[in-house]
Every structure is written in C-alpha cells, then in structure tokens.
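What follows is the content of protein-v2.txt (compact mmCIF, C-alpha atoms).
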# COMPACT_ATOMS: atom_id res chain seq x y z
CA MET A 76 -11.98 -0.16 15.19
CA LYS A 77 -15.02 1.77 13.95
CA HIS A 78 -13.47 2.21 10.48
CA LEU A 79 -12.69 -1.50 10.25
CA ARG A 80 -16.27 -2.28 11.20
CA ILE A 81 -17.49 -0.08 8.31
CA TYR A 82 -15.42 -1.93 5.70
CA PHE A 83 -15.64 -5.39 7.27
CA PRO A 84 -19.07 -5.43 8.94
CA ASN A 85 -19.29 -9.22 9.23
CA HIS A 86 -15.76 -10.01 10.39
CA ALA A 87 -14.92 -10.64 14.02
CA ILE A 88 -12.38 -8.11 15.29
CA PHE A 89 -9.79 -9.16 17.85
CA GLY A 90 -7.98 -6.34 19.59
CA GLU A 91 -5.04 -6.77 21.91
CA GLU A 92 -6.71 -4.64 24.54
CA LYS A 93 -10.39 -5.68 24.21
CA GLY A 94 -10.36 -9.22 22.85
CA PHE A 95 -13.12 -10.08 20.39
CA TRP A 96 -15.37 -7.23 19.39
CA GLY A 97 -18.52 -8.02 17.37
CA GLY A 98 -18.87 -9.87 14.08
CA ASN A 99 -18.61 -13.57 13.47
CA SER A 100 -15.32 -15.47 13.17
CA ARG A 101 -16.91 -17.71 10.54
CA ASN A 102 -16.63 -14.74 8.17
CA GLY A 103 -12.98 -14.13 9.04
CA VAL A 104 -11.07 -12.41 11.82
CA ILE A 105 -9.25 -9.08 11.91
CA VAL A 106 -6.45 -8.96 14.47
CA VAL A 107 -5.40 -5.47 15.53
CA ASP A 108 -2.48 -4.33 17.65
CA PRO A 109 -3.04 -0.56 17.95
CA VAL A 110 0.44 0.15 19.35
CA ASP A 111 3.20 -2.38 18.76
CA GLY A 112 6.23 -0.92 20.49
CA SER A 113 4.35 0.84 23.27
CA ARG A 114 7.49 1.67 25.29
CA ASN A 115 8.96 3.43 22.27
CA CYS A 116 5.70 5.28 21.70
CA PHE A 117 5.45 6.49 25.28
CA SER A 118 9.14 7.46 25.28
CA GLY A 119 8.91 9.57 22.13
CA ILE A 120 10.93 7.08 20.05
CA PRO A 121 9.41 6.80 16.55
CA PHE A 122 9.85 3.04 16.18
CA TRP A 123 6.31 1.89 16.88
CA CYS A 124 3.49 0.89 14.59
CA ILE A 125 -0.09 -0.23 14.13
CA SER A 126 -0.35 -3.85 13.02
CA ILE A 127 -3.44 -5.29 11.33
CA ALA A 128 -3.93 -8.82 10.01
CA ILE A 129 -7.02 -9.95 8.15
CA LEU A 130 -7.47 -13.70 8.43
CA TYR A 131 -9.50 -16.23 6.52
CA PRO A 132 -12.18 -18.06 8.53
CA GLY A 133 -10.54 -20.54 10.87
CA GLU A 134 -7.91 -20.42 13.57
CA ILE A 135 -5.65 -17.48 14.38
CA ASP A 136 -2.44 -18.72 12.78
CA ILE A 137 0.35 -17.37 10.57
CA ASN A 138 -0.71 -19.68 7.72
CA ASN A 139 -4.23 -18.27 7.72
CA VAL A 140 -3.42 -14.60 7.05
CA LYS A 141 -4.94 -13.04 3.94
CA ILE A 142 -3.78 -9.43 4.31
CA GLY A 143 -1.11 -7.89 6.53
CA VAL A 144 -0.66 -4.18 7.20
CA ILE A 145 2.03 -2.51 9.31
CA TRP A 146 1.69 1.26 9.51
CA SER A 147 4.38 3.45 11.01
CA PRO A 148 2.50 6.74 11.45
CA ILE A 149 5.41 8.82 12.74
CA LEU A 150 7.72 7.76 9.89
CA HIS A 151 4.90 7.90 7.30
CA GLU A 152 5.46 4.36 6.04
CA CYS A 153 2.92 1.62 5.43
CA PHE A 154 3.98 -1.94 4.65
CA ILE A 155 1.24 -4.07 3.14
CA ALA A 156 0.90 -7.55 1.66
CA GLU A 157 -1.86 -9.73 0.33
CA LYS A 158 -1.41 -13.48 0.08
CA ASN A 159 0.00 -14.50 -3.31
CA LYS A 160 0.05 -10.86 -4.50
CA GLY A 161 3.36 -9.57 -3.17
CA ALA A 162 4.41 -7.01 -0.59
CA TYR A 163 4.68 -3.24 -0.92
CA LEU A 164 5.90 -0.16 0.91
CA ILE A 165 3.68 2.91 0.64
CA THR A 166 5.18 6.28 1.56
CA THR A 167 3.95 9.84 1.11
CA ASP A 168 5.27 10.07 -2.44
CA LYS A 169 5.53 6.56 -3.87
CA VAL A 170 4.56 2.90 -3.81
CA ARG A 171 7.36 0.40 -4.25
CA ARG A 172 7.50 -3.36 -4.20
CA ILE A 173 9.65 -4.85 -1.47
CA PRO A 174 12.33 -5.87 -0.89
CA TYR A 175 14.09 -2.87 -2.41
CA LEU A 176 17.40 -3.45 -0.59
CA THR A 177 19.60 -6.55 -0.53
CA PRO A 178 20.81 -7.51 2.95
CA ILE A 179 24.34 -8.95 3.13
CA LEU A 180 25.56 -11.55 5.64
CA GLY A 181 28.47 -10.01 7.51
CA TYR A 182 27.35 -6.44 6.80
CA SER A 183 23.65 -6.02 7.54
CA ALA A 184 22.26 -5.87 11.07
CA ILE A 185 19.75 -8.22 12.68
CA ASP A 186 17.10 -7.73 15.34
CA VAL A 187 17.41 -10.52 17.89
CA THR A 188 15.72 -11.49 21.14
CA MET A 189 17.57 -14.04 23.27
CA THR A 190 17.27 -15.73 26.64
CA LYS A 191 20.14 -17.10 28.71
CA ASP A 192 19.40 -20.55 27.28
CA ASP A 193 20.19 -19.40 23.76
CA PHE A 194 23.83 -18.41 24.22
CA LYS A 195 24.92 -21.32 22.03
CA PHE A 196 23.93 -19.15 19.08
CA LEU A 197 26.32 -16.37 20.00
CA GLY A 198 28.85 -17.75 17.53
CA LEU A 199 26.54 -16.50 14.81
CA LEU A 200 27.22 -12.94 15.94
CA LYS A 201 30.77 -13.15 14.57
CA LYS A 202 29.26 -13.06 11.09
CA ILE A 203 26.90 -10.18 11.76
CA SER A 204 27.77 -6.51 11.45
CA ALA A 205 25.53 -5.27 14.26
CA LEU A 206 22.61 -6.13 16.50
CA ARG A 207 19.49 -4.03 16.70
CA HIS A 208 16.59 -4.25 19.09
CA ILE A 209 14.04 -1.92 17.56
CA GLY A 210 11.45 -2.47 20.26
CA SER A 211 8.59 -3.31 17.89
CA ILE A 212 8.53 -6.86 16.59
CA ALA A 213 6.06 -6.00 13.82
CA LEU A 214 8.20 -3.11 12.58
CA SER A 215 11.30 -5.28 12.72
CA LEU A 216 9.60 -7.84 10.48
CA ALA A 217 8.60 -5.08 8.05
CA TYR A 218 12.20 -3.85 7.93
CA THR A 219 13.40 -7.40 7.31
CA ALA A 220 10.95 -7.74 4.41
CA ALA A 221 12.21 -4.47 2.94
CA GLY A 222 15.84 -5.60 3.19
CA ARG A 223 16.80 -3.06 5.85
CA LEU A 224 17.60 -5.85 8.32
CA LEU A 225 19.26 -9.15 7.56
CA ALA A 226 16.89 -10.99 9.88
CA THR A 227 14.51 -10.80 12.80
CA ILE A 228 15.18 -13.63 15.23
CA SER A 229 13.36 -14.56 18.41
CA PHE A 230 14.86 -17.39 20.44
CA GLY A 231 12.64 -18.48 23.29
CA SER A 232 8.86 -18.28 23.08
CA LYS A 233 8.30 -14.73 24.31
CA ILE A 234 6.54 -13.30 21.26
CA ARG A 235 2.78 -13.65 20.96
CA ILE A 236 1.46 -15.06 17.70
CA ILE A 237 -0.98 -12.17 17.31
CA ASP A 238 1.98 -9.74 17.25
CA ILE A 239 3.60 -11.30 14.18
CA LEU A 240 0.61 -12.23 11.99
CA ALA A 241 0.86 -9.23 9.65
CA GLY A 242 4.65 -9.21 9.64
CA SER A 243 4.99 -12.91 8.87
CA LEU A 244 2.87 -12.52 5.73
CA ILE A 245 4.75 -9.41 4.62
CA VAL A 246 8.09 -11.23 4.94
CA ARG A 247 6.87 -14.24 2.96
CA GLU A 248 5.21 -12.15 0.26
CA ALA A 249 8.50 -10.24 -0.10
CA GLY A 250 10.11 -13.57 -0.99
CA GLY A 251 11.53 -14.22 2.45
CA ILE A 252 11.44 -17.11 4.90
CA PHE A 253 9.49 -17.19 8.14
CA LYS A 254 10.61 -20.28 10.00
CA VAL A 255 8.85 -21.26 13.20
CA LEU A 256 11.26 -22.64 15.80
CA LYS A 257 8.77 -23.36 18.57
CA LYS A 258 5.15 -22.69 19.47
CA HIS A 259 3.82 -22.85 22.99
CA HIS A 260 0.17 -21.97 23.47
CA ASP A 261 -0.17 -18.41 22.11
CA TYR A 262 3.57 -17.74 21.94
CA ILE A 263 6.12 -18.37 19.22
CA SER A 264 9.86 -18.28 18.51
CA PHE A 265 11.03 -17.84 14.93
CA ILE A 266 13.54 -16.70 12.34
CA ALA A 267 12.50 -14.32 9.57
CA THR A 268 14.92 -13.43 6.79
CA LEU A 269 15.28 -12.86 3.06
CA LYS A 270 18.47 -14.94 3.04
CA LYS A 271 18.41 -18.72 3.32
CA GLU A 272 22.08 -18.60 4.38
CA VAL A 273 21.00 -17.13 7.70
CA ILE A 274 18.94 -20.22 8.46
CA ASN A 275 21.87 -22.46 7.49
CA GLU A 276 24.31 -20.51 9.66
CA ILE A 277 22.07 -20.68 12.73
CA PHE A 278 21.52 -24.42 12.49
CA SER A 279 25.22 -25.07 11.97
CA PHE A 280 25.83 -24.22 15.66
Please rewrite the model in this file as structure tokens.
Amino acid sequence: MKHLRIYFPNHAIFGEEKGFWGGNSRNGVIVVDPVDGSRNCFSGIPFWCISIAILYPGEIDINNVKIGVIWSPILHECFIAEKNKGAYLITTDKVRRIPYLTPILGYSAIDVTMTKDDFKFLGLLKKISALRHIGSIALSLAYTAAGRLLATISFGSKIRIIDILAGSLIVREAGGIFKVLKKHHDYISFIATLKKEVINEIFSF
C-alpha cells in the first residue's frame, strides 16, 4: 500500500481488508486484493496472486478499469493490461503479448464455479476436456487471457466484483470476451473466454 501511495498520491486506495485508505476517489481508485487464493497460499499451493486494478474516477465497475495487474509471486509471472493498449505476460526473462496459446474447444480445460441451480449447463461438459478449479479467480482469468484455459465461468453470483476487476480487463485486452451473466449488489456471475464458440455453446442449453 505504501508503494502505491508513493506513485499514486492522490488516488483513493481500496483494499479488501481495510476498505478505503486515503486519497480522493475523484482522482481515481486503486483496488487491491493482496492475496487472491488465500486458501492456496496458506496451504503451500502456488496458485495465488496479488490483484491490482487502477480505475478512472467514478464507480467501481469492470467498464471503468484503466490498468489491471495480476502478479503471481511464487511462479514469477505478472500479467498486465492497460485499456486499449493490449495485455502482456512478464516473466523473469521475457515480456510477451498475450494470448500466446490457442485454446481448443473439446481439448482445453475450463475453470468453473457452479451451484446446484446450474446443473442444466452440465451438458456443456461433454465438449470440454477437463475441469479445473484453480482456487484464485484472478489467476484463472489471467490464464484464460493467456490461452492456458478455454474459459473461466462463474454461474451464480458468488464472486465479488472487486476480485475480477484486473482480470476482466486483461481478458478483454487479450482479445477475449468477458460476458456478465448477472450482477447482484457487489457480486457478479460471468463467462470469460477467448473463444466466442464457448458463449454460443453455453446458451444453446
């Protein structure tokens, strides 16, 4: 938080743990999730990340994100995007534009969160190679943007909007689709994918 305050002295900072911390939202808002995937982190599983979204002045919304950063410190990967300037993966030895892989329907895996009311979509699983539940929604979105996953899908509004701000921009700047299914207060259900066919398949059920 202190480093963000140095580089963005006039922005309001919203942290998952502390709420708003200094600054003025009229200058923009920085939303920080210091540990997305906390159960993985505490269990020694490397699939967790730090998610940061820098927003334009206005409401906290996926359409108001200027910069998105998802940093996986254990795996030494940083996914970053700026609105209308593309998305990139930064590793210890290179910077590459994403996506750098092409997901294939019927071969690539998806990360999906379902409730008992969403079983009507189970027919979709016949066309999917495997399911993954990474345990970090931000990291799952980054992997979708990179082409490592076919899609990240959340049925049922159990994901907080602040958790997917950075990831939603990274997916879109990678040329993907982030489709909102439902919003309820501060929660959201969605489909994120690089492949339009995934959207078509889901809504064919």
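The residue that comes closest to Asn159 of chain A, out of A:Ser113, A:Thr188, A:Arg223, A:Lys141 and on the basis of only C-alpha atoms, is A:Lys141.
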What is the distance between atom CA of Asp186 of chain A and atom CA of Arg247 of chain A, in Å to one decimal?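 These atoms are spaced 17.3 Å apart.
The space separating atom CA of Ile105 of chain A from atom CA of Ala226 of chain A comes to 26.3 Å.
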Within 10 Å of segment 123-129 of chain A, counting only C-alpha atoms, which residues qualify if same-chain residues fewer than 3 places away don't, as a ChimeraX atom specification? /A:83,86-90,103-117,119-120,132,135,137,139-150,152-157,209-215,237-244
For atom CA of Tyr163 of chain A and atom CA of Ala267 of chain A, quote the distance in Å rounded to one decimal.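 It comes out at 17.1 Å.
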Using only C-alpha atoms, can you tell me which of A:Leu225, A:Ala220, A:Ala249, A:Val187 comes closest to Lys160 of chain A? A:Ala249
Neighbours of segment 175-180 of chain A within 9 Å (only C-alpha atoms; same-chain residues fewer than 5 positions away dropped), as a list in words?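 Non-adjacent residues within range: Lys202, Ile203, Ser204, Thr219, Ala220, Ala221, Gly222, Arg223, Leu224, Leu225, Ala226, Leu269, Lys270, Glu272 and Val273 of chain A.
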